[in-house]
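Q: Data file target.txt (compact mmCIF, C-alpha atoms) is appended below.
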# COMPACT_ATOMS: atom_id res chain seq x y z
CA MET A 17 0.74 -28.72 0.17
CA ALA A 18 1.89 -25.97 2.53
CA ALA A 19 1.60 -26.85 6.21
CA LEU A 20 -0.57 -24.70 8.44
CA GLU A 21 0.97 -23.13 11.53
CA LYS A 22 -1.41 -22.22 14.36
CA VAL A 23 -0.62 -18.67 15.50
CA SER A 24 -3.29 -18.14 18.15
CA SER A 25 -6.59 -19.49 19.44
CA ASN A 26 -9.48 -17.98 21.41
CA LYS A 27 -12.58 -19.68 22.78
CA VAL A 28 -15.71 -17.79 21.69
CA TYR A 29 -19.40 -18.78 21.84
CA GLU A 30 -18.35 -22.31 22.87
CA GLY A 31 -16.40 -22.57 19.61
CA GLU A 32 -12.90 -21.49 18.67
CA LEU A 33 -11.41 -18.68 16.61
CA ILE A 34 -8.02 -19.81 15.30
CA LYS A 35 -5.43 -17.80 13.42
CA TYR A 36 -3.28 -19.76 11.00
CA LYS A 37 -0.42 -18.88 8.68
CA PHE A 38 1.25 -20.72 5.82
CA LYS A 39 3.51 -20.15 2.82
CA SER A 40 1.15 -19.23 0.01
CA GLU A 41 2.00 -20.42 -3.48
CA ALA A 42 -0.79 -18.26 -4.95
CA LEU A 43 0.74 -15.19 -3.28
CA GLY A 44 4.23 -15.87 -4.58
CA GLY A 45 5.61 -17.72 -1.57
CA LEU A 46 4.72 -15.04 0.98
CA ASP A 47 3.32 -15.84 4.42
CA ALA A 48 -0.48 -15.64 4.40
CA ASN A 49 -2.64 -15.35 7.51
CA PHE A 50 -6.28 -16.23 7.95
CA ASN A 51 -8.72 -16.65 10.81
CA LEU A 52 -11.12 -19.57 11.04
CA PHE A 53 -14.10 -19.71 13.39
CA LEU A 54 -15.14 -23.26 14.19
CA PRO A 55 -18.39 -23.80 16.11
CA SER A 56 -18.44 -26.28 18.97
CA ASN A 57 -18.30 -29.66 17.25
CA LYS A 58 -17.84 -32.64 19.58
CA SER A 59 -18.99 -35.08 16.87
CA GLY A 60 -16.26 -34.05 14.43
CA VAL A 61 -18.77 -34.03 11.56
CA LYS A 62 -17.81 -31.56 8.84
CA VAL A 63 -19.65 -28.22 9.04
CA PRO A 64 -20.57 -25.76 6.26
CA VAL A 65 -18.51 -22.60 5.86
CA LEU A 66 -19.07 -18.94 5.11
CA VAL A 67 -16.16 -17.02 3.57
CA TYR A 68 -15.95 -13.38 4.71
CA LEU A 69 -14.02 -10.86 2.59
CA ALA A 70 -13.10 -7.58 4.29
CA GLY A 71 -12.66 -4.15 2.74
CA LEU A 72 -9.90 -1.69 1.93
CA THR A 73 -7.13 -1.34 4.58
CA CYS A 74 -8.53 -4.31 6.54
CA THR A 75 -6.92 -7.61 7.53
CA GLU A 76 -8.03 -11.13 8.43
CA ASP A 77 -8.79 -9.78 11.92
CA THR A 78 -11.26 -7.03 11.03
CA GLY A 79 -14.40 -9.05 10.38
CA ALA A 80 -13.63 -11.57 13.10
CA GLN A 81 -13.27 -8.87 15.74
CA LYS A 82 -15.84 -6.30 14.64
CA GLY A 83 -18.47 -7.98 12.46
CA GLY A 84 -20.70 -9.48 15.13
CA TYR A 85 -20.91 -12.73 13.17
CA LEU A 86 -19.57 -15.37 15.53
CA GLY A 87 -22.47 -15.81 17.94
CA VAL A 88 -25.01 -16.20 15.16
CA ALA A 89 -22.72 -18.54 13.23
CA ALA A 90 -22.27 -20.65 16.37
CA SER A 91 -26.04 -20.91 16.80
CA GLN A 92 -26.36 -22.10 13.18
CA ASN A 93 -23.36 -24.47 13.40
CA ILE A 94 -21.58 -22.68 10.56
CA ALA A 95 -17.84 -22.03 10.32
CA ILE A 96 -16.50 -18.69 9.03
CA LEU A 97 -13.26 -18.26 7.11
CA PHE A 98 -11.66 -14.79 7.28
CA PRO A 99 -8.85 -14.36 4.70
CA ASP A 100 -6.58 -11.33 4.46
CA THR A 101 -7.28 -8.57 1.91
CA SER A 102 -3.99 -8.73 -0.03
CA PRO A 103 -0.51 -10.24 -0.02
CA ARG A 104 1.83 -8.69 2.55
CA GLY A 105 5.43 -7.76 1.88
CA ALA A 106 5.52 -8.40 -1.86
CA GLY A 107 8.01 -5.57 -2.32
CA VAL A 108 6.39 -4.23 -5.48
CA PRO A 109 7.36 -0.56 -5.93
CA GLY A 110 4.46 1.68 -4.97
CA GLU A 111 2.32 -0.98 -3.29
CA ASP A 112 2.34 0.97 0.00
CA ASP A 113 1.90 4.46 -1.45
CA ASP A 114 -1.91 4.62 -1.24
CA TRP A 115 -4.52 3.14 1.09
CA ASP A 116 -6.81 2.11 -1.77
CA PHE A 117 -4.28 0.20 -3.89
CA GLY A 118 -1.61 -2.40 -3.13
CA THR A 119 -1.21 -3.65 0.44
CA GLY A 120 -4.63 -4.09 2.07
CA ALA A 121 -6.34 -3.55 -1.28
CA GLY A 122 -5.94 -6.69 -3.35
CA PHE A 123 -9.45 -6.37 -4.88
CA TYR A 124 -9.97 -10.16 -4.93
CA LEU A 125 -8.68 -10.61 -8.47
CA ASP A 126 -5.71 -12.31 -10.14
CA ALA A 127 -3.35 -9.63 -11.44
CA THR A 128 -2.10 -9.78 -15.02
CA ARG A 129 0.28 -6.81 -15.06
CA PRO A 130 3.77 -8.36 -14.73
CA GLU A 131 4.88 -6.46 -11.63
CA TYR A 132 1.81 -7.66 -9.68
CA SER A 133 1.07 -11.06 -11.22
CA LYS A 134 3.48 -13.06 -9.03
CA HIS A 135 1.90 -12.02 -5.72
CA TYR A 136 -1.49 -10.38 -6.25
CA ASN A 137 -3.63 -13.45 -6.90
CA MET A 138 -6.29 -13.14 -4.22
CA ALA A 139 -9.01 -14.78 -6.34
CA THR A 140 -7.00 -18.01 -6.63
CA HIS A 141 -5.89 -17.73 -2.99
CA ILE A 142 -9.51 -17.65 -1.78
CA THR A 143 -11.30 -19.95 -4.20
CA VAL A 144 -8.64 -22.64 -4.65
CA GLU A 145 -5.72 -22.42 -2.25
CA LEU A 146 -7.41 -21.86 1.11
CA PRO A 147 -9.90 -24.74 0.71
CA GLN A 148 -7.03 -27.02 -0.33
CA VAL A 149 -4.74 -26.21 2.60
CA ILE A 150 -7.61 -26.40 5.13
CA GLU A 151 -8.79 -29.77 3.80
CA ALA A 152 -5.22 -31.09 3.74
CA ALA A 153 -4.88 -30.15 7.42
CA GLY A 154 -7.87 -32.35 8.29
CA ILE A 155 -9.98 -29.49 9.65
CA PRO A 156 -13.67 -30.56 9.64
CA ILE A 157 -15.00 -28.12 7.04
CA ASP A 158 -17.40 -29.24 4.29
CA PHE A 159 -16.32 -27.24 1.25
CA GLN A 160 -19.21 -28.73 -0.71
CA ARG A 161 -21.34 -26.36 1.39
CA GLN A 162 -19.79 -22.90 0.98
CA SER A 163 -21.27 -19.43 0.74
CA ILE A 164 -19.54 -16.05 0.58
CA PHE A 165 -20.09 -12.52 1.86
CA GLY A 166 -18.13 -9.33 2.37
CA HIS A 167 -17.95 -5.59 2.95
CA SER A 168 -17.12 -2.80 0.49
CA MET A 169 -14.15 -4.11 -1.56
CA GLY A 170 -14.96 -7.46 0.05
CA GLY A 171 -18.58 -7.16 -1.02
CA HIS A 172 -17.30 -6.68 -4.55
CA GLY A 173 -15.15 -9.79 -4.09
CA ALA A 174 -18.03 -11.86 -2.73
CA LEU A 175 -20.39 -10.94 -5.57
CA THR A 176 -17.85 -11.42 -8.34
CA LEU A 177 -16.38 -14.70 -7.07
CA TYR A 178 -19.93 -16.02 -6.65
CA LEU A 179 -21.19 -14.89 -10.05
CA SER A 180 -18.09 -15.93 -11.99
CA SER A 181 -17.76 -19.43 -10.53
CA LYS A 182 -18.12 -21.98 -13.33
CA THR A 183 -18.43 -24.78 -10.76
CA LYS A 184 -21.04 -23.00 -8.61
CA GLN A 185 -18.57 -23.09 -5.72
CA TYR A 186 -20.77 -20.95 -3.47
CA ARG A 187 -24.43 -21.55 -2.71
CA SER A 188 -25.24 -17.89 -1.97
CA ALA A 189 -23.64 -14.46 -1.73
CA SER A 190 -24.29 -11.34 0.29
CA ALA A 191 -22.64 -7.98 0.72
CA PHE A 192 -22.58 -4.91 2.93
CA ALA A 193 -22.07 -1.69 0.94
CA PRO A 194 -20.31 -3.46 -1.95
CA ILE A 195 -18.39 -1.77 -4.75
CA SER A 196 -21.08 -2.98 -7.12
CA ASN A 197 -19.96 -1.55 -10.48
CA PRO A 198 -16.18 -1.06 -10.17
CA THR A 199 -15.52 -0.35 -13.85
CA LYS A 200 -17.59 2.82 -13.31
CA CYS A 201 -16.15 4.14 -10.02
CA PRO A 202 -12.77 5.65 -8.99
CA TRP A 203 -11.74 2.80 -6.66
CA GLY A 204 -12.37 0.16 -9.29
CA GLU A 205 -10.84 2.10 -12.15
CA LYS A 206 -7.64 2.61 -10.13
CA ALA A 207 -7.45 -1.07 -9.18
CA PHE A 208 -8.11 -2.42 -12.67
CA LYS A 209 -5.66 -0.03 -14.35
CA GLY A 210 -3.03 -0.95 -11.76
CA TYR A 211 -3.44 -4.73 -11.54
CA LEU A 212 -4.71 -5.76 -14.96
CA ALA A 213 -2.79 -5.60 -18.25
CA GLY A 214 -6.07 -4.98 -20.04
CA GLY A 215 -7.13 -2.23 -17.65
CA ILE A 216 -10.81 -1.40 -17.26
CA ALA A 217 -11.82 -3.55 -20.25
CA GLU A 218 -10.31 -6.61 -18.54
CA GLY A 219 -11.89 -5.47 -15.28
CA LYS A 220 -15.36 -6.23 -16.61
CA ARG A 221 -14.82 -9.87 -15.63
CA TYR A 222 -14.47 -8.61 -12.04
CA ASP A 223 -17.50 -6.30 -12.12
CA ALA A 224 -20.64 -7.63 -10.41
CA THR A 225 -22.96 -5.42 -12.47
CA GLU A 226 -21.43 -6.67 -15.73
CA LEU A 227 -21.61 -10.28 -14.51
CA ILE A 228 -25.24 -10.19 -13.33
CA SER A 229 -26.30 -8.55 -16.60
CA LYS A 230 -25.06 -11.63 -18.52
CA SER A 231 -26.10 -14.28 -15.99
CA THR A 232 -28.86 -16.76 -16.73
CA ASP A 233 -28.35 -19.15 -13.80
CA PRO A 234 -30.42 -19.13 -10.59
CA VAL A 235 -28.83 -16.88 -7.94
CA HIS A 236 -29.26 -16.12 -4.24
CA ILE A 237 -27.99 -12.63 -3.43
CA LEU A 238 -28.62 -10.19 -0.56
CA ILE A 239 -27.16 -6.66 -0.44
CA ASP A 240 -27.48 -3.97 2.24
CA TYR A 241 -26.17 -0.43 2.00
CA GLY A 242 -26.71 2.69 4.11
CA THR A 243 -28.07 5.95 2.74
CA GLY A 244 -25.77 7.83 5.13
CA ASP A 245 -22.67 6.16 3.67
CA ASN A 246 -20.28 8.83 2.36
CA PHE A 247 -18.77 6.41 -0.16
CA TYR A 248 -22.27 5.69 -1.47
CA LYS A 249 -22.87 9.43 -1.82
CA GLN A 250 -19.52 9.82 -3.63
CA GLY A 251 -20.50 7.25 -6.26
CA GLN A 252 -18.07 4.51 -5.24
CA LEU A 253 -20.69 1.82 -4.54
CA LEU A 254 -23.41 2.15 -7.23
CA PRO A 255 -25.85 -0.46 -5.84
CA GLU A 256 -28.65 0.90 -8.02
CA SER A 257 -26.65 -0.01 -11.13
CA PHE A 258 -26.36 -3.60 -9.91
CA LEU A 259 -30.05 -3.76 -9.04
CA LYS A 260 -31.12 -2.41 -12.44
CA ALA A 261 -28.86 -4.90 -14.25
CA ALA A 262 -30.28 -7.74 -12.16
CA ARG A 263 -33.89 -6.78 -12.84
CA ASP A 264 -33.15 -6.27 -16.55
CA ALA A 265 -31.66 -9.79 -16.58
CA GLY A 266 -34.92 -11.17 -15.15
CA TYR A 267 -33.99 -11.65 -11.50
CA ASP A 268 -36.78 -10.89 -9.03
CA GLU A 269 -36.78 -9.85 -5.38
CA PHE A 270 -36.43 -13.46 -4.21
CA GLN A 271 -33.26 -14.02 -6.22
CA VAL A 272 -31.59 -10.61 -5.85
CA ARG A 273 -32.57 -8.45 -2.89
CA VAL A 274 -30.97 -5.01 -2.49
CA ARG A 275 -31.98 -3.12 0.66
CA SER A 276 -31.26 0.54 1.39
CA GLN A 277 -30.94 1.16 5.14
CA ASP A 278 -31.83 4.69 6.17
CA ALA A 279 -28.98 6.83 7.57
CA TYR A 280 -26.53 3.96 8.15
CA ASP A 281 -22.90 4.64 7.20
CA HIS A 282 -20.01 2.50 5.92
CA SER A 283 -18.76 1.34 9.32
CA TYR A 284 -18.91 -1.88 11.28
CA TYR A 285 -21.70 -0.33 13.37
CA PHE A 286 -23.80 -0.68 10.22
CA ILE A 287 -22.45 -4.15 9.45
CA SER A 288 -22.98 -5.53 12.95
CA THR A 289 -26.58 -4.26 12.93
CA PHE A 290 -27.46 -6.50 9.99
CA ALA A 291 -24.93 -9.30 10.57
CA SER A 292 -27.59 -11.69 11.88
CA ASP A 293 -29.75 -11.18 8.78
CA HIS A 294 -26.86 -12.17 6.54
CA ILE A 295 -25.85 -15.26 8.51
CA HIS A 296 -29.45 -16.49 8.58
CA PHE A 297 -29.81 -15.76 4.85
CA HIS A 298 -26.85 -18.03 4.09
CA ALA A 299 -27.97 -20.66 6.60
CA ASN A 300 -31.05 -21.23 4.43
CA PHE A 301 -28.80 -22.51 1.64
CA LEU A 302 -25.88 -23.98 3.59
CA LYS A 303 -28.13 -26.21 5.69
CA ALA A 304 -30.51 -27.21 2.89
Please express what this file holds, its structure, as structure tokens.
A:
Amino acid sequence: MAALEKVSSNKVYEGELIKYKFKSEALGGLDANFNLFLPSNKSGVKVPVLVYLAGLTCTEDTGAQKGGYLGVAASQNIAILFPDTSPRGAGVPGEDDDWDFGTGAGFYLDATRPEYSKHYNMATHITVELPQVIEAAGIPIDFQRQSIFGHSMGGHGALTLYLSSKTKQYRSASAFAPISNPTKCPWGEKAFKGYLAGGIAEGKRYDATELISKSTDPVHILIDYGTGDNFYKQGQLLPESFLKAARDAGYDEFQVRVRSQDAYDHSYYFISTFASDHIHFHANFLKA
């Protein structure tokens, strides 16, 4: 198991925000960074954890610095794990050509096209590798009590990793302005054609709308999006498609709640406004 190296540490809300790095097997041996917020915990008892997935062009720092999550998480005695959004320095030709594909845009999937499959395995990195390396380091996190949330591309990641988990790894999922139906929008089509050997057809397994339409298990999902969001207006997010698929599959307002927030945009001003709602939503399930 790769050893964690502590890069930095900051005291915040009586807890600690720590940046770690390690050699990631899932990402082809590249260095991977993540931030971990640990609430004040003098007893050393393991605490539940929320995994936060950031959006296109972001890093492990974005949500930690701008989300407004840490104070609320501290009050609820919940840790937050902030992974990066892609491998860094893979050296794949073209990975740095566009802001919405490649570096900073890993789309939380496991690539199957040969040129990307060695390094672009963010789904395995988040669901398998990070819990293993954190547990091996003796950090007091209870990975039996996990939930997941994210923004934009990260909202897509949160919903799909939650809905596709055969082991019910996460107790709940929430998202801010998620890419809700990526097989039907330009961002998703570009990612799936680029990363997946089977293209958009293979991408259906990473499409939250496709997954919820076939789901029969109980779910706990909260989504917020802003009506002033330009990406929503451009048809990149498609939350209505997800909501219709959820209702058609029999999920009611208590199981799948999708809220439109008047005039809010795609930024962290929007996210931080509703951050407390999302932390408290997950606390209901993480502390049960």
Q: How many Å separate CA of Val28 in chain A from CA of Ala291 in chain A?
A: 16.8 Å
Q: Do a neighbour search on Ala42 in chain A at 10 Å with only C-alpha atoms, toss out local chain neighbours closer than 4 positions, and write the hits as a compact mmCIF listing (two decimals) with C-alpha atoms, in the frame of the given file.
A:
# COMPACT_ATOMS: atom_id res chain seq x y z
CA LEU A 46 4.72 -15.04 0.98
CA ALA A 48 -0.48 -15.64 4.40
CA PRO A 103 -0.51 -10.24 -0.02
CA ASP A 126 -5.71 -12.31 -10.14
CA SER A 133 1.07 -11.06 -11.22
CA LYS A 134 3.48 -13.06 -9.03
CA HIS A 135 1.90 -12.02 -5.72
CA TYR A 136 -1.49 -10.38 -6.25
CA ASN A 137 -3.63 -13.45 -6.90
CA MET A 138 -6.29 -13.14 -4.22
CA ALA A 139 -9.01 -14.78 -6.34
CA THR A 140 -7.00 -18.01 -6.63
CA HIS A 141 -5.89 -17.73 -2.99
CA ILE A 142 -9.51 -17.65 -1.78
CA VAL A 144 -8.64 -22.64 -4.65
CA GLU A 145 -5.72 -22.42 -2.25
CA LEU A 146 -7.41 -21.86 1.11
Q: List the neighbours of Glu256 in chain A out to 10 Å using all atoms listed in the file; skip same-chain residues closer than 5 positions along the sequence, and give me the result as an NGL selection string.
A: :A and (196-197 or 225 or 261-262 or 274 or 276)
Q: For CA of Ala95 in chain A and CA of Ala152 in chain A, quote the distance in Å rounded to one decimal.
A: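 Calculated distance between CA of Ala95 in chain A and CA of Ala152 in chain A is 16.9 Å.
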Q: Just how far from CA of Asp245 in chain A is CA of Ile228 in chain A, in Å to one decimal?
A: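 These atoms are spaced 23.7 Å apart.
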Q: Which residues come within 9 Å of Arg187 in chain A, counting all atoms listed in the file, excluding same-chain residues fewer than 2 positions away, as a count of residues only?
A: 13
Q: Around (-2.8, 0.9, -2.8), as given in the file, which residues come within 12 Å? Count all atoms listed in the file and list them as number ranges by chain.
A: A: 72-73, 101-104, 108-123, 132, 136, 203-204, 206-211
Q: Give the answer as one residue: which of A:Val23, A:Leu69, A:Val272, A:Ile216 has the shortest atom-to-atom distance to Pro202 in chain A, using only C-alpha atoms?
A: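 Using only C-alpha atoms, Pro202 in chain A sits closest to A:Ile216.
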Q: Counting only C-alpha atoms, which residue out of A:Leu20, A:Thr128, A:Asp223, A:Gly105 sits closest to Gly154 in chain A?
A: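 Looking only at the distances to Gly154 in chain A, the closest residue turns out to be A:Leu20.
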Q: Quick one: of A:Lys82, A:Lys37, A:His296, A:Lys58, who's nearest to Asp100 in chain A, counting all atoms listed in the file?
A: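 Checking each of A:Lys82, A:Lys37, A:His296, A:Lys58 against Asp100 in chain A, counting all atoms listed in the file, the winner is A:Lys37.
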Q: Check the smallest atom-to-atom distance from each of A:Gly83, A:His282, A:Glu41, A:Leu33 to Gln148 in chain A using all atoms listed in the file, then report the winner.
A: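 Distance minimum relative to Gln148 in chain A lands on A:Glu41.
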Q: Go through A:Arg221, A:His294, A:His172, A:Lys200 one by one, measure the shortest atom-to-atom distance of each to Gly71 in chain A using only C-alpha atoms, and give the residue with the smallest value.
A: A:His172
Q: Check the smallest atom-to-atom distance from each of A:Gln81, A:Leu66, A:Ser91, A:Tyr267 to Ala174 in chain A using only C-alpha atoms, then report the winner.
A: A:Leu66
Q: Excluding Asn246 in chain A and its own-chain neighbours fewer than 2 positions away, which residues fall within 8 Å of it when counting all atoms listed in the file? Please give them as a PyMOL selection string.
A: chain A and resi 244+248-250+281-282
Q: May I have the residues within 8 Å of Pro55 in chain A as number ranges by chain, using only C-alpha atoms and disregarding those fewer than 5 positions away in the same chain?
A: A: 29-32, 89-90, 93-95
Q: Please list, as a list in words, the residues that have an atom at most 12 Å away from (-24.7, -4.6, 13.4) in the coordinates of this file, counting only C-alpha atoms.
A: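 The requested residues, written out, are Gly79, Lys82, Gly83, Gly84, Tyr85, Val88, Phe192, Asp240, Gly242, Gln277, Tyr280, Asp281, His282, Ser283, Tyr284, Tyr285, Phe286, Ile287, Ser288, Thr289, Phe290, Ala291, Ser292, Asp293, His294 and Ile295 of chain A.
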Q: Regenerate range 21-32 of chain A at the level of all heavy atoms and dump it as a PDB file, in the frame of the given file.
A:
ATOM      1  N   GLU A  21       0.423 -23.385  10.202  1.00  0.00           N
ATOM      2  CA  GLU A  21       0.970 -23.130  11.530  1.00  0.00           C
ATOM      3  C   GLU A  21      -0.077 -22.367  12.343  1.00  0.00           C
ATOM      4  O   GLU A  21      -0.564 -21.319  11.910  1.00  0.00           O
ATOM      5  CB  GLU A  21       2.245 -22.289  11.429  1.00  0.00           C
ATOM      6  CG  GLU A  21       2.831 -21.894  12.777  1.00  0.00           C
ATOM      7  CD  GLU A  21       4.012 -20.952  12.658  1.00  0.00           C
ATOM      8  OE1 GLU A  21       4.653 -20.924  11.588  1.00  0.00           O
ATOM      9  OE2 GLU A  21       4.289 -20.220  13.630  1.00  0.00           O
ATOM     10  N   LYS A  22      -0.448 -22.900  13.499  1.00  0.00           N
ATOM     11  CA  LYS A  22      -1.410 -22.220  14.360  1.00  0.00           C
ATOM     12  C   LYS A  22      -0.709 -21.073  15.085  1.00  0.00           C
ATOM     13  O   LYS A  22       0.277 -21.275  15.776  1.00  0.00           O
ATOM     14  CB  LYS A  22      -2.027 -23.189  15.375  1.00  0.00           C
ATOM     15  CG  LYS A  22      -3.100 -22.543  16.253  1.00  0.00           C
ATOM     16  CD  LYS A  22      -3.635 -23.483  17.313  1.00  0.00           C
ATOM     17  CE  LYS A  22      -4.601 -24.503  16.765  1.00  0.00           C
ATOM     18  NZ  LYS A  22      -5.330 -25.225  17.845  1.00  0.00           N
ATOM     19  N   VAL A  23      -1.220 -19.863  14.902  1.00  0.00           N
ATOM     20  CA  VAL A  23      -0.620 -18.670  15.500  1.00  0.00           C
ATOM     21  C   VAL A  23      -1.253 -18.332  16.841  1.00  0.00           C
ATOM     22  O   VAL A  23      -0.574 -17.964  17.788  1.00  0.00           O
ATOM     23  CB  VAL A  23      -0.746 -17.468  14.527  1.00  0.00           C
ATOM     24  CG1 VAL A  23      -0.192 -16.195  15.162  1.00  0.00           C
ATOM     25  CG2 VAL A  23      -0.040 -17.761  13.208  1.00  0.00           C
ATOM     26  N   SER A  24      -2.580 -18.465  16.909  1.00  0.00           N
ATOM     27  CA  SER A  24      -3.290 -18.140  18.150  1.00  0.00           C
ATOM     28  C   SER A  24      -4.649 -18.819  18.140  1.00  0.00           C
ATOM     29  O   SER A  24      -5.130 -19.275  17.093  1.00  0.00           O
ATOM     30  CB  SER A  24      -3.472 -16.626  18.308  1.00  0.00           C
ATOM     31  OG  SER A  24      -4.283 -16.111  17.261  1.00  0.00           O
ATOM     32  N   SER A  25      -5.271 -18.872  19.309  1.00  0.00           N
ATOM     33  CA  SER A  25      -6.590 -19.490  19.440  1.00  0.00           C
ATOM     34  C   SER A  25      -7.339 -18.834  20.597  1.00  0.00           C
ATOM     35  O   SER A  25      -6.756 -18.577  21.652  1.00  0.00           O
ATOM     36  CB  SER A  25      -6.462 -20.991  19.689  1.00  0.00           C
ATOM     37  OG  SER A  25      -7.717 -21.569  19.960  1.00  0.00           O
ATOM     38  N   ASN A  26      -8.634 -18.547  20.370  1.00  0.00           N
ATOM     39  CA  ASN A  26      -9.480 -17.980  21.410  1.00  0.00           C
ATOM     40  C   ASN A  26     -10.817 -18.718  21.438  1.00  0.00           C
ATOM     41  O   ASN A  26     -11.435 -18.903  20.389  1.00  0.00           O
ATOM     42  CB  ASN A  26      -9.750 -16.496  21.167  1.00  0.00           C
ATOM     43  CG  ASN A  26      -8.487 -15.660  21.181  1.00  0.00           C
ATOM     44  OD1 ASN A  26      -7.875 -15.435  20.136  1.00  0.00           O
ATOM     45  ND2 ASN A  26      -8.079 -15.209  22.341  1.00  0.00           N
ATOM     46  N   LYS A  27     -11.243 -19.112  22.630  1.00  0.00           N
ATOM     47  CA  LYS A  27     -12.580 -19.680  22.780  1.00  0.00           C
ATOM     48  C   LYS A  27     -13.604 -18.559  22.676  1.00  0.00           C
ATOM     49  O   LYS A  27     -13.456 -17.502  23.283  1.00  0.00           O
ATOM     50  CB  LYS A  27     -12.724 -20.400  24.117  1.00  0.00           C
ATOM     51  CG  LYS A  27     -14.078 -21.088  24.276  1.00  0.00           C
ATOM     52  CD  LYS A  27     -14.170 -21.894  25.558  1.00  0.00           C
ATOM     53  CE  LYS A  27     -15.528 -22.584  25.658  1.00  0.00           C
ATOM     54  NZ  LYS A  27     -15.656 -23.413  26.874  1.00  0.00           N
ATOM     55  N   VAL A  28     -14.669 -18.799  21.882  1.00  0.00           N
ATOM     56  CA  VAL A  28     -15.710 -17.790  21.690  1.00  0.00           C
ATOM     57  C   VAL A  28     -17.006 -18.506  21.348  1.00  0.00           C
ATOM     58  O   VAL A  28     -17.036 -19.398  20.500  1.00  0.00           O
ATOM     59  CB  VAL A  28     -15.294 -16.770  20.599  1.00  0.00           C
ATOM     60  CG1 VAL A  28     -14.947 -17.449  19.285  1.00  0.00           C
ATOM     61  CG2 VAL A  28     -16.374 -15.726  20.391  1.00  0.00           C
ATOM     62  N   TYR A  29     -18.084 -18.158  22.053  1.00  0.00           N
ATOM     63  CA  TYR A  29     -19.400 -18.780  21.840  1.00  0.00           C
ATOM     64  C   TYR A  29     -19.301 -20.297  21.806  1.00  0.00           C
ATOM     65  O   TYR A  29     -19.899 -20.960  20.950  1.00  0.00           O
ATOM     66  CB  TYR A  29     -20.049 -18.242  20.553  1.00  0.00           C
ATOM     67  CG  TYR A  29     -20.447 -16.788  20.664  1.00  0.00           C
ATOM     68  CD1 TYR A  29     -19.699 -15.792  20.043  1.00  0.00           C
ATOM     69  CD2 TYR A  29     -21.576 -16.410  21.399  1.00  0.00           C
ATOM     70  CE1 TYR A  29     -20.054 -14.454  20.145  1.00  0.00           C
ATOM     71  CE2 TYR A  29     -21.940 -15.081  21.505  1.00  0.00           C
ATOM     72  CZ  TYR A  29     -21.170 -14.106  20.884  1.00  0.00           C
ATOM     73  OH  TYR A  29     -21.522 -12.774  20.999  1.00  0.00           O
ATOM     74  N   GLU A  30     -18.556 -20.863  22.731  1.00  0.00           N
ATOM     75  CA  GLU A  30     -18.350 -22.310  22.870  1.00  0.00           C
ATOM     76  C   GLU A  30     -17.575 -22.916  21.705  1.00  0.00           C
ATOM     77  O   GLU A  30     -17.298 -24.120  21.698  1.00  0.00           O
ATOM     78  CB  GLU A  30     -19.682 -23.061  23.073  1.00  0.00           C
ATOM     79  CG  GLU A  30     -20.455 -22.632  24.308  1.00  0.00           C
ATOM     80  CD  GLU A  30     -19.617 -22.764  25.586  1.00  0.00           C
ATOM     81  OE1 GLU A  30     -18.933 -23.784  25.752  1.00  0.00           O
ATOM     82  OE2 GLU A  30     -19.653 -21.815  26.406  1.00  0.00           O
ATOM     83  N   GLY A  31     -17.234 -22.111  20.709  1.00  0.00           N
ATOM     84  CA  GLY A  31     -16.400 -22.570  19.610  1.00  0.00           C
ATOM     85  C   GLY A  31     -14.996 -22.014  19.756  1.00  0.00           C
ATOM     86  O   GLY A  31     -14.551 -21.663  20.854  1.00  0.00           O
ATOM     87  N   GLU A  32     -14.286 -21.917  18.637  1.00  0.00           N
ATOM     88  CA  GLU A  32     -12.900 -21.490  18.670  1.00  0.00           C
ATOM     89  C   GLU A  32     -12.589 -20.629  17.448  1.00  0.00           C
ATOM     90  O   GLU A  32     -12.983 -20.967  16.330  1.00  0.00           O
ATOM     91  CB  GLU A  32     -11.992 -22.739  18.664  1.00  0.00           C
ATOM     92  CG  GLU A  32     -10.532 -22.464  18.919  1.00  0.00           C
ATOM     93  CD  GLU A  32      -9.704 -23.750  18.997  1.00  0.00           C
ATOM     94  OE1 GLU A  32     -10.212 -24.822  18.581  1.00  0.00           O
ATOM     95  OE2 GLU A  32      -8.558 -23.686  19.459  1.00  0.00           O
TER      96      GLU A  32
END
